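model.csv follows; it contains CSV, C-alpha atoms and all ligand atoms.
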chain,number,residue,atom,x,y,z
P,1,MET,CA,-171.2,52.0,-116.1
P,2,SER,CA,-174.7,52.9,-115.5
P,3,PHE,CA,-175.7,56.3,-116.5
P,4,ILE,CA,-178.2,58.2,-114.5
P,5,ASN,CA,-179.9,61.2,-116.0
P,6,TYR,CA,-181.6,63.2,-113.2
P,7,SER,CA,-182.6,65.7,-115.8
P,8,SER,CA,-184.6,63.5,-118.1
P,9,ARG,CA,-185.1,61.0,-115.2
P,10,GLU,CA,-183.6,58.0,-116.9
P,11,ILE,CA,-181.4,55.2,-115.8
P,12,ASN,CA,-179.4,53.5,-118.6
P,13,CYS,CA,-177.7,50.2,-118.0
P,14,LYS,CA,-175.5,48.0,-120.2
P,15,ILE,CA,-175.9,44.2,-120.2
P,16,VAL,CA,-173.6,42.0,-122.2
P,17,TYR,CA,-174.3,38.5,-123.3
P,18,TYR,CA,-171.0,36.5,-123.5
P,19,GLY,CA,-170.3,32.9,-124.4
P,20,PRO,CA,-168.6,30.7,-127.0
P,21,GLY,CA,-169.4,30.8,-130.7
P,22,LEU,CA,-172.9,29.5,-131.7
P,23,CYS,CA,-174.1,29.1,-128.1
P,24,GLY,CA,-177.1,31.2,-128.9
P,25,LYS,CA,-176.4,34.8,-127.7
P,26,THR,CA,-177.8,36.5,-130.8
P,27,THR,CA,-180.8,34.1,-130.6
P,28,ASN,CA,-181.6,35.4,-127.1
P,29,LEU,CA,-181.7,39.0,-128.3
P,30,GLN,CA,-183.8,38.1,-131.3
P,31,TYR,CA,-186.3,36.3,-129.1
P,32,ILE,CA,-186.5,39.3,-126.7
P,33,TYR,CA,-186.9,41.6,-129.7
P,34,ASN,CA,-189.7,39.6,-131.2
P,35,LYS,CA,-191.6,39.3,-128.0
P,36,THR,CA,-191.3,42.9,-126.8
P,37,ASN,CA,-194.0,45.6,-127.5
P,38,PRO,CA,-192.9,48.1,-130.2
P,39,GLU,CA,-193.1,51.0,-127.7
P,40,ALA,CA,-190.7,49.3,-125.3
P,41,LYS,CA,-187.9,48.6,-127.8
P,42,GLY,CA,-185.7,50.3,-130.3
P,43,LYS,CA,-184.3,48.8,-133.5
P,44,MET,CA,-182.1,45.7,-133.1
P,45,ILE,CA,-178.7,46.2,-134.7
P,46,SER,CA,-176.7,43.2,-135.8
P,47,LEU,CA,-173.2,43.6,-137.1
P,48,ALA,CA,-172.8,40.2,-138.6
P,49,THR,CA,-171.0,38.3,-141.2
P,50,GLU,CA,-172.8,36.9,-144.3
P,51,THR,CA,-173.2,33.6,-142.5
P,52,GLU,CA,-174.9,35.4,-139.6
P,53,ARG,CA,-172.1,35.1,-137.2
P,54,THR,CA,-171.7,38.1,-135.0
P,55,LEU,CA,-168.9,40.2,-136.3
P,56,PHE,CA,-168.8,43.1,-133.8
P,57,PHE,CA,-172.0,43.1,-131.7
P,58,ASP,CA,-175.7,42.9,-131.6
P,59,PHE,CA,-177.5,45.8,-129.9
P,60,LEU,CA,-181.0,46.0,-128.6
P,61,PRO,CA,-182.3,48.9,-126.5
P,62,LEU,CA,-185.2,48.0,-124.2
P,63,SER,CA,-187.3,50.1,-121.8
P,64,LEU,CA,-188.5,48.2,-118.8
P,65,GLY,CA,-190.8,50.8,-117.3
P,66,GLU,CA,-190.4,53.1,-114.4
P,67,ILE,CA,-188.9,52.9,-110.9
P,68,ARG,CA,-189.6,55.7,-108.6
P,69,GLY,CA,-190.3,58.0,-111.5
P,70,PHE,CA,-187.1,57.0,-113.4
P,71,LYS,CA,-187.4,55.3,-116.8
P,72,THR,CA,-185.2,52.3,-116.8
P,73,ARG,CA,-183.5,51.6,-120.1
P,74,PHE,CA,-181.4,48.5,-120.7
P,75,HIS,CA,-178.9,48.3,-123.6
P,76,LEU,CA,-178.4,44.7,-124.4
P,77,TYR,CA,-175.2,43.7,-126.3
P,78,THR,CA,-173.9,40.4,-127.5
P,79,VAL,CA,-170.2,39.8,-128.2
P,80,PRO,CA,-168.9,37.7,-131.1
P,81,GLY,CA,-168.1,34.3,-129.7
P,82,GLN,CA,-165.6,33.2,-132.2
P,83,VAL,CA,-162.2,33.0,-130.5
P,84,PHE,CA,-160.3,35.2,-133.0
P,85,TYR,CA,-162.6,38.2,-132.3
P,86,ASP,CA,-161.1,38.8,-128.8
P,87,ALA,CA,-160.2,42.4,-129.5
P,88,SER,CA,-163.9,43.2,-130.2
P,89,ARG,CA,-165.1,41.4,-127.1
P,90,LYS,CA,-162.8,43.6,-125.0
P,91,LEU,CA,-164.3,46.7,-126.5
P,92,ILE,CA,-167.9,45.6,-125.9
P,93,LEU,CA,-167.2,44.9,-122.2
P,94,LYS,CA,-166.3,48.5,-121.6
P,95,GLY,CA,-168.8,50.1,-119.3
P,96,VAL,CA,-170.7,46.9,-118.6
P,97,ASP,CA,-173.2,46.8,-115.7
P,98,GLY,CA,-174.2,43.2,-115.9
P,99,VAL,CA,-173.1,40.0,-117.7
P,100,VAL,CA,-175.0,37.0,-118.9
P,101,TYR,CA,-172.8,34.1,-119.6
P,102,VAL,CA,-174.5,31.8,-122.2
P,103,GLY,CA,-173.1,28.2,-122.2
P,104,ASP,CA,-173.8,25.6,-124.8
P,105,SER,CA,-175.2,22.4,-123.2
P,106,GLN,CA,-173.7,20.1,-125.8
P,107,LEU,CA,-170.9,17.8,-124.7
P,108,GLU,CA,-168.7,18.6,-127.6
P,109,ARG,CA,-168.8,22.3,-126.7
P,110,MET,CA,-167.6,22.0,-123.1
P,111,GLU,CA,-164.1,22.9,-123.9
P,112,ALA,CA,-165.3,26.0,-125.8
P,113,ASN,CA,-167.5,26.9,-122.9
P,114,ILE,CA,-164.7,26.8,-120.4
P,115,GLU,CA,-162.4,28.7,-122.6
P,116,SER,CA,-165.0,31.4,-123.1
P,117,LEU,CA,-165.6,31.7,-119.4
P,118,GLU,CA,-161.9,32.1,-118.7
P,119,ASN,CA,-161.7,34.6,-121.5
P,120,LEU,CA,-164.6,36.6,-119.9
P,121,SER,CA,-163.0,36.6,-116.6
P,122,SER,CA,-159.6,37.7,-117.9
P,123,ASN,CA,-161.0,40.4,-120.2
P,124,LEU,CA,-163.0,41.8,-117.3
P,125,GLN,CA,-160.0,41.8,-115.1
P,126,GLU,CA,-158.0,43.7,-117.8
P,127,GLN,CA,-160.5,46.5,-117.4
P,128,GLY,CA,-160.5,46.5,-113.7
P,129,TYR,CA,-163.7,44.5,-113.2
P,130,ASP,CA,-164.1,41.4,-111.1
P,131,LEU,CA,-166.6,38.8,-112.3
P,132,ASN,CA,-167.3,37.8,-108.7
P,133,LYS,CA,-168.5,41.3,-107.9
P,134,LEU,CA,-170.4,42.1,-111.0
P,135,PRO,CA,-174.1,41.4,-111.5
P,136,TYR,CA,-173.8,38.1,-113.3
P,137,VAL,CA,-176.0,35.2,-114.2
P,138,VAL,CA,-175.5,32.0,-116.2
P,139,GLN,CA,-177.7,30.5,-118.9
P,140,TYR,CA,-177.4,26.9,-120.1
P,141,ASN,CA,-178.8,27.0,-123.6
P,142,LYS,CA,-179.6,24.3,-126.1
P,143,ARG,CA,-181.3,22.1,-123.5
P,144,ASP,CA,-183.4,20.6,-126.3
P,145,LEU,CA,-180.5,18.8,-128.0
P,146,PRO,CA,-180.0,15.1,-127.5
P,147,ASN,CA,-176.3,15.5,-126.7
P,148,ALA,CA,-177.0,18.0,-123.9
P,149,ILE,CA,-175.1,17.0,-120.8
P,150,PRO,CA,-176.8,16.9,-117.3
P,151,LEU,CA,-177.4,20.2,-115.5
P,152,ALA,CA,-175.3,19.2,-112.5
P,153,GLU,CA,-172.2,18.7,-114.7
P,154,LEU,CA,-172.7,22.1,-116.3
P,155,GLU,CA,-173.1,23.7,-112.9
P,156,GLU,CA,-170.0,22.1,-111.7
P,157,ALA,CA,-167.9,23.1,-114.7
P,158,LEU,CA,-169.3,26.6,-115.4
P,159,ASN,CA,-170.8,28.0,-112.3
P,160,PRO,CA,-168.4,27.5,-109.4
P,161,THR,CA,-169.6,30.6,-107.5
P,162,LYS,CA,-173.3,29.4,-107.8
P,163,VAL,CA,-174.7,32.6,-109.3
P,164,PRO,CA,-178.4,32.3,-110.5
P,165,SER,CA,-178.5,30.0,-113.5
P,166,TYR,CA,-181.2,29.1,-116.0
P,167,GLU,CA,-181.8,26.4,-118.5
P,168,ALA,CA,-182.8,27.6,-121.9
P,169,VAL,CA,-183.9,26.8,-125.4
P,170,ALA,CA,-183.4,30.2,-126.9
P,171,PRO,CA,-185.2,29.9,-130.2
P,172,LYS,CA,-188.4,28.8,-128.3
P,173,GLY,CA,-187.9,31.4,-125.7
P,174,ILE,CA,-187.5,29.0,-122.9
P,175,GLY,CA,-185.5,30.6,-120.1
P,176,VAL,CA,-184.8,33.8,-122.1
P,177,PHE,CA,-186.8,36.3,-120.1
P,178,ASP,CA,-186.0,34.6,-116.8
P,179,THR,CA,-182.4,35.1,-117.6
P,180,LEU,CA,-182.9,38.8,-118.6
P,181,LYS,CA,-185.0,39.5,-115.6
P,182,ALA,CA,-182.5,38.0,-113.2
P,183,VAL,CA,-179.6,40.0,-114.5
P,184,ALA,CA,-181.7,43.2,-114.7
P,185,LYS,CA,-182.7,42.7,-111.1
P,186,LEU,CA,-179.1,42.3,-110.0
P,187,VAL,CA,-178.1,45.4,-111.8
P,188,LEU,CA,-180.8,47.5,-110.2
P,189,THR,CA,-180.0,46.0,-106.8
P,190,GLU,CA,-176.4,47.1,-107.3
P,191,LEU,CA,-177.6,50.6,-108.2
P,192,ARG,CA,-179.5,50.7,-104.9
P,193,LYS,CA,-176.3,49.9,-103.1
P,194,GLY,CA,-174.9,53.0,-104.7
P,195,GLY,CA,-172.4,51.3,-106.9
R,1,MET,CA,-167.7,48.6,-108.3
R,2,ILE,CA,-169.9,50.3,-110.8
R,3,GLN,CA,-168.8,53.8,-111.4
R,4,GLN,CA,-171.8,55.8,-112.2
R,5,LEU,CA,-171.9,58.8,-114.4
R,6,VAL,CA,-174.7,61.1,-113.2
R,7,MET,CA,-176.2,63.8,-115.2
R,8,TYR,CA,-177.9,66.7,-113.4
R,9,GLU,CA,-180.1,69.4,-114.8
R,10,GLU,CA,-177.5,72.1,-114.7
R,11,GLU,CA,-174.9,70.2,-116.7
R,12,LEU,CA,-177.5,68.9,-119.2
R,13,GLN,CA,-178.6,72.4,-119.9
R,14,GLN,CA,-175.1,73.5,-120.5
R,15,ILE,CA,-174.5,70.6,-122.8
R,16,ASN,CA,-177.7,71.3,-124.7
R,17,ARG,CA,-176.7,74.9,-125.0
R,18,ILE,CA,-173.3,74.0,-126.4
R,19,CYS,CA,-175.0,71.7,-128.9
R,20,GLU,CA,-177.4,74.3,-130.0
R,21,THR,CA,-174.7,76.9,-130.5
R,22,LEU,CA,-172.6,74.5,-132.4
R,23,HIS,CA,-175.6,73.5,-134.6
R,24,ARG,CA,-176.3,77.1,-135.4
R,25,ASP,CA,-172.7,78.3,-135.9
R,26,SER,CA,-171.6,75.4,-138.1
R,27,ASN,CA,-174.8,75.4,-140.3
R,28,ALA,CA,-175.1,71.7,-139.4
R,29,ARG,CA,-178.1,69.4,-139.8
R,30,ALA,CA,-177.7,68.0,-136.4
R,31,VAL,CA,-175.4,67.7,-133.5
R,32,LEU,CA,-175.2,64.8,-131.0
R,33,VAL,CA,-173.3,64.2,-127.8
R,34,ILE,CA,-172.9,60.6,-127.0
R,35,ASP,CA,-171.3,58.8,-124.1
R,36,LYS,CA,-168.4,56.5,-125.0
R,37,ASN,CA,-170.5,53.5,-124.0
R,38,GLY,CA,-173.1,54.4,-126.6
R,39,GLN,CA,-175.7,56.3,-124.8
R,40,ALA,CA,-177.1,59.5,-126.2
R,41,ILE,CA,-176.7,62.5,-123.9
R,42,ALA,CA,-177.9,65.5,-125.8
R,43,SER,CA,-178.7,66.6,-129.3
R,44,ALA,CA,-179.7,69.7,-131.4
R,45,GLY,CA,-181.0,70.2,-134.9
R,46,ASP,CA,-183.0,67.9,-137.1
R,47,VAL,CA,-182.9,64.8,-134.9
R,48,GLN,CA,-186.6,63.8,-135.2
R,49,GLU,CA,-185.9,62.0,-138.5
R,50,LEU,CA,-182.8,60.3,-137.0
R,51,ASP,CA,-182.7,57.0,-135.1
R,52,VAL,CA,-180.5,58.6,-132.3
R,53,THR,CA,-180.3,55.4,-130.2
R,54,SER,CA,-179.0,53.3,-133.0
R,55,LEU,CA,-176.7,56.0,-134.2
R,56,SER,CA,-175.3,56.4,-130.7
R,57,SER,CA,-174.5,52.8,-130.3
R,58,LEU,CA,-172.9,52.4,-133.7
R,59,THR,CA,-170.9,55.6,-133.4
R,60,ALA,CA,-169.6,54.4,-130.0
R,61,GLY,CA,-168.8,51.0,-131.5
R,62,ASN,CA,-167.0,52.7,-134.3
R,63,VAL,CA,-165.0,54.9,-131.9
R,64,ALA,CA,-164.2,51.9,-129.8
R,65,ALA,CA,-162.9,50.0,-132.8
R,66,THR,CA,-160.8,52.9,-134.0
R,67,GLY,CA,-159.5,53.3,-130.5
R,68,GLY,CA,-158.5,49.7,-130.6
R,69,ILE,CA,-156.7,50.2,-133.8
R,70,ALA,CA,-154.9,53.2,-132.4
R,71,SER,CA,-153.6,51.2,-129.5
R,72,LEU,CA,-152.4,48.5,-131.8
R,73,LEU,CA,-150.5,51.1,-133.7
R,74,ALA,CA,-149.2,52.6,-130.4
R,75,GLU,CA,-151.1,55.8,-131.2
R,76,LYS,CA,-152.7,57.6,-128.3
R,77,GLU,CA,-156.1,57.9,-129.8
R,78,PHE,CA,-157.3,59.2,-133.2
R,79,ALA,CA,-158.8,62.5,-132.2
R,80,GLY,CA,-161.6,62.2,-134.7
R,81,GLN,CA,-163.0,60.9,-137.9
R,82,PHE,CA,-164.8,62.3,-140.9
R,83,LEU,CA,-167.2,60.2,-142.9
R,84,GLU,CA,-168.0,61.7,-146.2
R,85,GLY,CA,-171.3,60.8,-147.9
R,86,GLU,CA,-173.0,62.0,-151.0
R,87,LYS,CA,-175.4,64.2,-149.2
R,88,THR,CA,-174.6,63.8,-145.5
R,89,ASN,CA,-171.2,64.1,-143.8
R,90,TYR,CA,-170.5,62.8,-140.4
R,91,HIS,CA,-167.9,64.4,-138.3
R,92,ILE,CA,-166.8,62.6,-135.1
R,93,SER,CA,-164.6,63.9,-132.3
R,94,ILE,CA,-163.7,62.6,-128.9
R,95,VAL,CA,-164.0,65.2,-126.1
R,96,GLY,CA,-162.4,64.9,-122.7
R,97,GLN,CA,-161.7,61.2,-123.4
R,98,ARG,CA,-165.3,60.6,-122.3
R,99,VAL,CA,-167.9,61.7,-124.8
R,100,ILE,CA,-168.2,61.8,-128.6
R,101,LEU,CA,-169.3,64.9,-130.3
R,102,VAL,CA,-171.0,64.3,-133.7
R,103,VAL,CA,-171.8,66.9,-136.3
R,104,LEU,CA,-174.0,65.9,-139.2
R,105,PHE,CA,-173.8,68.4,-142.1
R,106,ASP,CA,-174.6,68.8,-145.8
R,107,GLU,CA,-173.6,71.2,-148.5
R,108,ARG,CA,-174.8,74.2,-146.5
R,109,SER,CA,-171.7,73.8,-144.4
R,110,SER,CA,-168.1,72.7,-145.0
R,111,LEU,CA,-165.5,70.6,-143.2
R,112,GLY,CA,-163.4,73.7,-142.5
R,113,LEU,CA,-166.2,75.5,-140.8
R,114,VAL,CA,-167.3,72.4,-138.8
R,115,ARG,CA,-163.7,71.8,-137.6
R,116,LEU,CA,-163.4,75.4,-136.5
R,117,ARG,CA,-166.7,75.4,-134.5
R,118,VAL,CA,-166.1,71.9,-133.1
R,119,ARG,CA,-162.9,73.1,-131.6
R,120,LYS,CA,-164.6,75.8,-129.6
R,121,ALA,CA,-167.5,73.6,-128.6
R,122,ALA,CA,-165.1,70.8,-127.5
R,123,ALA,CA,-163.3,73.2,-125.2
R,124,GLU,CA,-166.5,74.2,-123.5
R,125,LEU,CA,-167.8,70.7,-123.3
R,126,THR,CA,-164.5,69.6,-121.6
R,127,VAL,CA,-165.1,72.0,-118.8
R,128,THR,CA,-168.7,70.9,-118.3
R,129,LEU,CA,-167.7,67.3,-118.3
R,130,GLU,CA,-165.1,67.8,-115.6
R,131,VAL,CA,-167.8,69.3,-113.4
R,132,MET,CA,-170.0,66.3,-114.2
R,133,VAL,CA,-167.4,63.8,-113.3
R,134,ARG,CA,-166.6,65.5,-110.1
R,135,LYS,CA,-170.2,65.7,-109.1
R,136,SER,CA,-170.8,62.1,-110.0
R,137,ALA,CA,-167.9,61.0,-107.9
R,138,ALA,CA,-169.0,63.1,-104.9
R,139,GLY,CA,-172.6,62.0,-105.2
R,140,SER,CA,-173.3,65.8,-105.2
R,141,GLY,CA,-174.5,65.6,-101.7
R,142,GLN,CA,-178.1,64.7,-102.8
R,143,PRO,CA,-179.5,61.6,-101.2
R,144,SER,CA,-179.8,59.0,-103.9
R,145,VAL,CA,-183.4,58.1,-104.8
R,146,PHE,CA,-182.0,54.6,-105.5
R,147,SER,CA,-181.2,53.8,-102.0
R,148,GLU,CA,-184.9,53.7,-101.4
R,149,ILE,CA,-185.7,51.2,-104.1
R,150,THR,CA,-187.4,48.2,-102.7
R,151,ASP,CA,-187.5,44.6,-103.9
R,152,ASP,CA,-191.1,45.3,-104.8
R,153,ASP,CA,-190.2,48.2,-107.0
R,154,ILE,CA,-187.8,45.9,-108.9
R,155,ASP,CA,-190.3,43.1,-109.1
R,156,ASN,CA,-193.0,45.4,-110.3
R,157,LEU,CA,-190.9,46.3,-113.3
R,158,PHE,CA,-191.3,42.8,-114.6
R,159,ASN,CA,-195.0,42.3,-114.1
R,160,ASP,CA,-195.9,42.1,-117.7
P,201,LIG,N1,-181.4,23.5,-131.1
P,201,LIG,C1,-181.1,24.7,-130.6
P,201,LIG,N2,-180.5,25.5,-131.4
P,201,LIG,C2,-180.2,26.7,-131.0
P,201,LIG,C3,-180.5,27.1,-129.6
P,201,LIG,N3,-180.1,28.4,-129.5
P,201,LIG,C4,-179.5,28.8,-130.6
P,201,LIG,N4,-179.6,27.8,-131.5
P,201,LIG,C5,-179.1,27.8,-132.9
P,201,LIG,O1,-177.7,27.9,-132.9
P,201,LIG,C6,-177.2,28.7,-134.0
P,201,LIG,C7,-176.3,29.8,-133.5
P,201,LIG,O2,-177.0,30.7,-132.7
P,201,LIG,P1,-176.5,32.3,-132.5
P,201,LIG,O3,-177.5,32.9,-131.6
P,201,LIG,O4,-176.3,32.9,-133.8
P,201,LIG,O5,-175.2,32.0,-131.8
P,201,LIG,P2,-174.2,33.2,-131.2
P,201,LIG,O6,-173.9,32.8,-129.8
P,201,LIG,O7,-174.7,34.5,-131.4
P,201,LIG,O8,-172.9,32.9,-132.1
P,201,LIG,P3,-171.7,34.0,-132.5
P,201,LIG,O9,-172.3,35.2,-133.0
P,201,LIG,O10,-170.8,33.3,-133.5
P,201,LIG,O11,-170.9,34.2,-131.2
P,201,LIG,C8,-178.4,29.2,-134.7
P,201,LIG,O12,-178.6,28.4,-135.8
P,201,LIG,C9,-179.5,29.1,-133.7
P,201,LIG,O13,-180.8,28.9,-134.3
P,201,LIG,C10,-181.2,26.2,-128.8
P,201,LIG,O14,-181.5,26.4,-127.6
P,201,LIG,N5,-181.4,25.0,-129.3
P,202,MG,MG,-174.1,36.1,-132.4
Go ahead and express the file in the form of structure tokens.
Amino acid sequence: MSFINYSSREINCKIVYYGPGLCGKTTNLQYIYNKTNPEAKGKMISLATETERTLFFDFLPLSLGEIRGFKTRFHLYTVPGQVFYDASRKLILKGVDGVVYVGDSQLERMEANIESLENLSSNLQEQGYDLNKLPYVVQYNKRDLPNAIPLAELEEALNPTKVPSYEAVAPKGIGVFDTLKAVAKLVLTELRKGG
Amino acid sequence: MIQQLVMYEEELQQINRICETLHRDSNARAVLVIDKNGQAIASAGDVQELDVTSLSSLTAGNVAATGGIASLLAEKEFAGQFLEGEKTNYHISIVGQRVILVVLFDERSSLGLVRLRVRKAAAELTVTLEVMVRKSAAGSGQPSVFSEITDDDIDNLFND
């Protein structure tokens, strides 16, 4: 749920990165954090296990500049991808304005990818959202790995509705900002429609 | 699809006033009002030294997690929480099922006093929130500036 503050002239939007365990959600946020000017970002918070798996969420507040005199602020969250953290994932989806689904390009992760996508769709539904109506983009991460499967196959399995999709290598930043910009644009476009 | 919560000047002023009164009457260090999704709405007191954005997100995460626990236990919702530190105490309450009211206090105040003052502030806040929700739903009759946003406006945001 975007939050528009006419008084302080701010628009706040919530974007959630979703996807199977180890697909690279946290890495996306870390890259964005490292490449953003200090004045445009807040602290990045990671609630993680000792082995750096996301336990509850990562959080990164970003300012993207002004539109028509309104400061636009995006709150980026990641969910924990491990299957047994489903209760936490549901909580983080509350109030979401835009979703990035991060898929893992490796062949052996296809089953996990599909399961996570179905989980996203049903968790959204539970809260009265429809993935087909929400600002939504797909990222195929880990394109650098030798066992990455061809793009066309990923598209067929993970992007049946043909939303904007991006190939990525998150630790190197490839595709990371393209993905963020795409979802941010969709969120702002949705705002224009009046929600 | 997206339900927007819209904050107008009038309601923000009221919320600020409620925060300031609560801050003063409870001898608190700081008072925060946070939207359940983790966005800071208003504050009073010594907030310069606080990372309000991070506190807001973590508090909302905490409240969401506690709410999740409540529903597993078939409880409606835990009305609030109290975190006791060595120097700083953190009192959290949920108001109107929509926002979180936080009071940070030290030895100059007490839990009893904070509870008492929060109750009054929460009642006032509830009324203001109801107005806010109603206005958001109605669009308040004002033409939305956002309907005039162009593709160029959006593109310009990303010209690094
Ligand atoms: N080779 C390669 N490794 C990557 C890529 N993206 C992420 N990784 C690595 O994959 C591992 C897991 O990345 P994370 O970002 O922690 O994964 P996550 O999706 O946040 O995982 P959970 O928190 O468990 O849901 C890390 O060691 C990353 O460095 C990529 O594009 N290529
Ligand atoms: Mg993670």
Check: When the cut-off is 6 Å and you count only C-alpha atoms and all ligand atoms, which residues lie near ligand MG 202 (chain P), shown as a list in words?
Finding: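 So the residues close to ligand MG 202 (chain P) are Lys25, Thr26, Arg53, Thr54 and Pro80 of chain P.
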Next item on the list: Compute the set of protein, DNA and RNA residues whose minimum atom distance to ligand LIG 201 (chain P) is at most 10 Å, using all atoms listed in the file, and state it as a PyMOL selection string.
Entry: chain P and resi 17-31+46-49+51-58+78-83+85+102-106+140-146+148+167-176
Notebook entry, point to check: Neighbours of range 83-89 of chain R within 6 Å (all atoms listed in the file; same-chain residues fewer than 3 positions away dropped), as JSON, numbers by chain?
Noted result: {"R": [104, 105, 106]}
Check: which chain P residues lie within 8 Å of chain R using all atoms listed in the file, as a PDB file with C-alpha atoms, in the coordinates of the input:
ATOM      1  CA  MET P   1    -171.200  52.000-116.100  1.00  0.00           C
ATOM      2  CA  SER P   2    -174.700  52.900-115.500  1.00  0.00           C
ATOM      3  CA  PHE P   3    -175.700  56.300-116.500  1.00  0.00           C
ATOM      4  CA  ILE P   4    -178.200  58.200-114.500  1.00  0.00           C
ATOM      5  CA  ASN P   5    -179.900  61.200-116.000  1.00  0.00           C
ATOM      6  CA  TYR P   6    -181.600  63.200-113.200  1.00  0.00           C
ATOM      7  CA  SER P   7    -182.600  65.700-115.800  1.00  0.00           C
ATOM      8  CA  ASN P  12    -179.400  53.500-118.600  1.00  0.00           C
ATOM      9  CA  GLY P  42    -185.700  50.300-130.300  1.00  0.00           C
ATOM     10  CA  LYS P  43    -184.300  48.800-133.500  1.00  0.00           C
ATOM     11  CA  ILE P  45    -178.700  46.200-134.700  1.00  0.00           C
ATOM     12  CA  PHE P  59    -177.500  45.800-129.900  1.00  0.00           C
ATOM     13  CA  PRO P  61    -182.300  48.900-126.500  1.00  0.00           C
ATOM     14  CA  LEU P  64    -188.500  48.200-118.800  1.00  0.00           C
ATOM     15  CA  GLY P  65    -190.800  50.800-117.300  1.00  0.00           C
ATOM     16  CA  GLU P  66    -190.400  53.100-114.400  1.00  0.00           C
ATOM     17  CA  ILE P  67    -188.900  52.900-110.900  1.00  0.00           C
ATOM     18  CA  ARG P  68    -189.600  55.700-108.600  1.00  0.00           C
ATOM     19  CA  ALA P  87    -160.200  42.400-129.500  1.00  0.00           C
ATOM     20  CA  SER P  88    -163.900  43.200-130.200  1.00  0.00           C
ATOM     21  CA  LEU P  91    -164.300  46.700-126.500  1.00  0.00           C
ATOM     22  CA  ILE P  92    -167.900  45.600-125.900  1.00  0.00           C
ATOM     23  CA  LYS P  94    -166.300  48.500-121.600  1.00  0.00           C
ATOM     24  CA  GLY P  95    -168.800  50.100-119.300  1.00  0.00           C
ATOM     25  CA  ASP P  97    -173.200  46.800-115.700  1.00  0.00           C
ATOM     26  CA  TYR P 129    -163.700  44.500-113.200  1.00  0.00           C
ATOM     27  CA  LYS P 133    -168.500  41.300-107.900  1.00  0.00           C
ATOM     28  CA  LEU P 134    -170.400  42.100-111.000  1.00  0.00           C
ATOM     29  CA  LYS P 181    -185.000  39.500-115.600  1.00  0.00           C
ATOM     30  CA  LYS P 185    -182.700  42.700-111.100  1.00  0.00           C
ATOM     31  CA  LEU P 188    -180.800  47.500-110.200  1.00  0.00           C
ATOM     32  CA  LEU P 191    -177.600  50.600-108.200  1.00  0.00           C
ATOM     33  CA  ARG P 192    -179.500  50.700-104.900  1.00  0.00           C
ATOM     34  CA  LYS P 193    -176.300  49.900-103.100  1.00  0.00           C
ATOM     35  CA  GLY P 194    -174.900  53.000-104.700  1.00  0.00           C
ATOM     36  CA  GLY P 195    -172.400  51.300-106.900  1.00  0.00           C
TER      37      GLY P 195
END
Note to self: To one decimal place in Å, what is the distance between CA of Arg98 in chain R and CA of Gln125 in chain P?
What the structure shows: 20.8 Å
Next item on the list: Find the residues near Glu126 in chain P: any atom within 12 Å, counting only C-alpha atoms, skip ones fewer than 4 places away on the same chain, and give them as a VMD selection string.
Entry: chain P and resid 87 89 to 91 93 to 94 119 to 122 130 to 131
Margin query: So that I can check the surroundings of Pro160 in chain P, please list as a ChimeraX atom specification every protein, DNA and RNA residue that reaches within 12 Å of it, counting all atoms listed in the file and ignoring chain neighbours fewer than 5 positions away.
Written below: /P:114,117,131-132,137-138,152-155,165
Compile the contact shell of Glu10 in chain P as a PDB file with C-alpha atoms, in the frame of the given file: residues with an atom at most 8 Å away, counting all atoms listed in the file, same-chain residues fewer than 6 positions apart removed.
ATOM      1  CA  ILE P   4    -178.200  58.200-114.500  1.00  0.00           C
ATOM      2  CA  PHE P  70    -187.100  57.000-113.400  1.00  0.00           C
ATOM      3  CA  LYS P  71    -187.400  55.300-116.800  1.00  0.00           C
ATOM      4  CA  THR P  72    -185.200  52.300-116.800  1.00  0.00           C
ATOM      5  CA  ARG P  73    -183.500  51.600-120.100  1.00  0.00           C
TER       6      ARG P  73
END
Item checked: CA of Leu62 in chain P to CA of Ala138 in chain R, distance in Å rounded to a single decimal ->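 A separation of 29.4 Å between them.
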Notebook entry, point to check: Contacts of Val187 in chain P at 8 Å or less, counting only C-alpha atoms, minus same-chain residues fewer than 5 places along, as a list of chain:residue names?
Noted result: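 Within the cut-off, the hits are P:Cys13, P:Asp97, P:Gly98, P:Pro135.
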Margin query: Just to confirm, what's the straight-line distance from CA of Ile32 in chain P to CA of Ser56 in chain R in Å (one decimal)?
Written below: 20.8 Å
